[in-house]
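Beneath this line is the structure, given in structure tokens, with notes to follow.
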Number of protein chains: 2
Amino acid sequence: MQSLNSSSEERRLEVRKLEISDKNKGFIELLQQLTVCDSVSDKDFEDRFQELSALGNDHIICVIEDDRSGKIIATGSVFIEKKFIRNCGKVGHIEDVVVDSSARGMQLGKIIVGFLTNHAREMGCYKVILDCSVENQGFYEKCGFKHKAIQMAKYFN
Amino acid sequence: MQSLNSSSEERRLEVRKLEISDKNKGFIELLQQLTVCDSVSDKDFEDRFQELSALGNDHIICVIEDDRSGKIIATGSVFIEKKFIRNCGKVGHIEDVVVDSSARGMQLGKIIVGFLTNHAREMGCYKVILDCSVENQGFYEKCGFKHKAIQMAKYFN
């Protein structure tokens, strides 16, 4: 958990792991700003939440809650892939980083990425990677990332 | 498991999941053709193998063994990431695809990628993704993938 005070407003913004009650704090609506994400039933949310919880520190989702509105205004996830290469090394994969449109410009994205990057480092990863659009390359460079490869995708129907 | 006969030689090449005995069939040496991979102790190999086995179909490594030499000549892995987006969707991540330098030109890479892609589809993923160098883009396009984004990386010391 990491706390920060946002400038003069003394707005308290806390980075913490996703909790099951975050579904009622706009977590899914926040993800809808990222990509296709229909409303999720409480049962489906809880099932997925438990599946991910079972992975412990190998897959975490972090969020920032705005204590004024009680809303989740930023999130991101990282999972730890275990390999044989690099002497049975581990790689952190950052996914699904999004900041609420009303909260942009407050460096929340950088805070989320920093939190996830630190988690990967603490888990013993030799690197952390992510895929993004060319438009977001500059943002991730500010977070200390370098353009390394290209992402290829195949969608199923 | 998938069997195939390679042209006139009637060489039998089988795609199957990694087995613990594959360490003695050149599996680590094959990975060394991909990237840094020092020799791994039997204990470390077994520990990592068991960690991955515990994930069941959520993380598989497949290999092709040459029945003539008894050597592993191709491999690749895929793990299944569970998300909240896309209606609690799943994404397959293909990693560490490599074909032995003596076995190139036999379409083994395509067979490995096809096997891993099918696994992701069967696991209910809405897409399968991978990162590669620009030089390998053409190969993955032949496997049905499209260039979608860029990969950013941060290495830890």
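By convention in this document, the chains of the structure tokens carry letters A, B, ... by their order, each chain's residues are numbered from 1, and ligands are numbered from 1 in the order they are shown.
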At most 6 Å to chain A: residues in chain B, only C-alpha atoms, as a list in words: Val36, Cys37, Asp38, Ile85, Arg86, Asn87, Tyr126, Lys127, Val128, Ile129, Leu130, Asp131, Cys132, Ser133, Phe145, Lys146, His147, Lys148, Ala149, Ile150, Gln151, Met152, Ala153, Lys154, Tyr155 and Phe156 of chain B
Those in chain B with strand (DSSP E or B) from DSSP, as a PyMOL selection string: chain B and resi 2-6+11-17+59-66+71-82+90-99+127-132+146-155
Could you write out that same residue set with C-alpha atoms as a CSV table (one decimal), in the first residue's frame?
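Okay, this is what ended up in out-v1.csv:
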chain,number,residue,atom,x,y,z
B,2,GLN,CA,-0.3,-34.4,-32.5
B,3,SER,CA,1.7,-36.6,-34.8
B,4,LEU,CA,3.1,-35.7,-38.2
B,5,ASN,CA,5.2,-37.4,-40.8
B,6,SER,CA,7.9,-35.3,-42.3
B,11,ARG,CA,10.6,-39.1,-39.7
B,12,ARG,CA,8.1,-39.2,-36.8
B,13,LEU,CA,7.7,-35.9,-35.1
B,14,GLU,CA,5.3,-35.6,-32.2
B,15,VAL,CA,4.1,-32.5,-30.5
B,16,ARG,CA,3.5,-33.1,-26.9
B,17,LYS,CA,3.7,-31.4,-23.5
B,59,HIS,CA,0.4,-22.7,-18.5
B,60,ILE,CA,1.7,-25.3,-20.9
B,61,ILE,CA,5.0,-25.9,-22.6
B,62,CYS,CA,5.0,-28.1,-25.7
B,63,VAL,CA,7.9,-29.8,-27.4
B,64,ILE,CA,8.7,-31.7,-30.5
B,65,GLU,CA,11.0,-34.7,-30.0
B,66,ASP,CA,13.0,-36.2,-32.9
B,71,LYS,CA,16.5,-34.8,-28.9
B,72,ILE,CA,14.0,-32.0,-28.3
B,73,ILE,CA,14.2,-29.9,-31.5
B,74,ALA,CA,11.4,-27.4,-31.0
B,75,THR,CA,9.5,-25.8,-28.1
B,76,GLY,CA,7.1,-23.0,-27.1
B,77,SER,CA,4.9,-22.1,-24.2
B,78,VAL,CA,1.5,-20.4,-23.7
B,79,PHE,CA,0.0,-19.2,-20.5
B,80,ILE,CA,-3.6,-18.1,-20.0
B,81,GLU,CA,-4.2,-14.7,-18.4
B,82,LYS,CA,-7.5,-14.2,-16.7
B,90,LYS,CA,-9.0,-14.7,-21.1
B,91,VAL,CA,-5.9,-14.1,-23.2
B,92,GLY,CA,-3.2,-16.6,-24.3
B,93,HIS,CA,0.4,-15.4,-24.2
B,94,ILE,CA,2.8,-17.3,-26.4
B,95,GLU,CA,6.4,-17.2,-25.2
B,96,ASP,CA,9.8,-18.8,-25.8
B,97,VAL,CA,9.2,-20.4,-29.3
B,98,VAL,CA,12.5,-21.8,-30.6
B,99,VAL,CA,13.4,-24.4,-33.3
B,127,LYS,CA,-7.2,-13.7,-28.5
B,128,VAL,CA,-3.7,-15.0,-28.3
B,129,ILE,CA,-0.7,-12.6,-28.4
B,130,LEU,CA,3.1,-12.7,-28.5
B,131,ASP,CA,6.0,-10.3,-28.8
B,132,CYS,CA,8.7,-10.8,-31.4
B,146,LYS,CA,-1.3,-9.5,-37.2
B,147,HIS,CA,1.0,-6.7,-36.0
B,148,LYS,CA,-1.1,-4.9,-33.3
B,149,ALA,CA,1.0,-2.9,-30.8
B,150,ILE,CA,4.5,-2.4,-29.6
B,151,GLN,CA,6.3,-4.0,-26.7
B,152,MET,CA,8.0,-1.9,-24.0
B,153,ALA,CA,10.4,-3.4,-21.5
B,154,LYS,CA,12.2,-2.5,-18.3
B,155,TYR,CA,15.1,-4.6,-17.2
Selected residue, from B:Gln33, B:Asn118, B:Ser69, B:Asp42, that lies nearest to Ser101 of chain B when counting only C-alpha atoms: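 Of the candidates, the smallest distance to Ser101 of chain B is held by B:Gln33.
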In segment 4-137 of chain B, DSSP helix (DSSP H, G or I) residues written as a PyMOL selection string: chain B and resi 7-9+20-25+27-31+42-53+56-58+85-88+101-103+108-122+134-137
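For the pair atom CA of Lys23 of chain B and atom CA of Met123 of chain B, the separation is 27.0 Å.
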Point-to-point distance in Å for atom CA of Gly138 of chain A and atom CA of Lys110 of chain A: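 We find that atom CA of Lys110 of chain A and atom CA of Gly138 of chain A lie 11.8 Å from each other.
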Atomic distance atom CA of Phe139 of chain A - atom CA of Gly26 of chain A, expressed in Å with one decimal: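 Interatomic distance here is 24.6 Å.
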Nearest to Gln50 of chain A, chosen from A:Gly70, A:Asn24, A:Glu29, A:Glu19, with only C-alpha atoms counted in the distances: A:Glu19
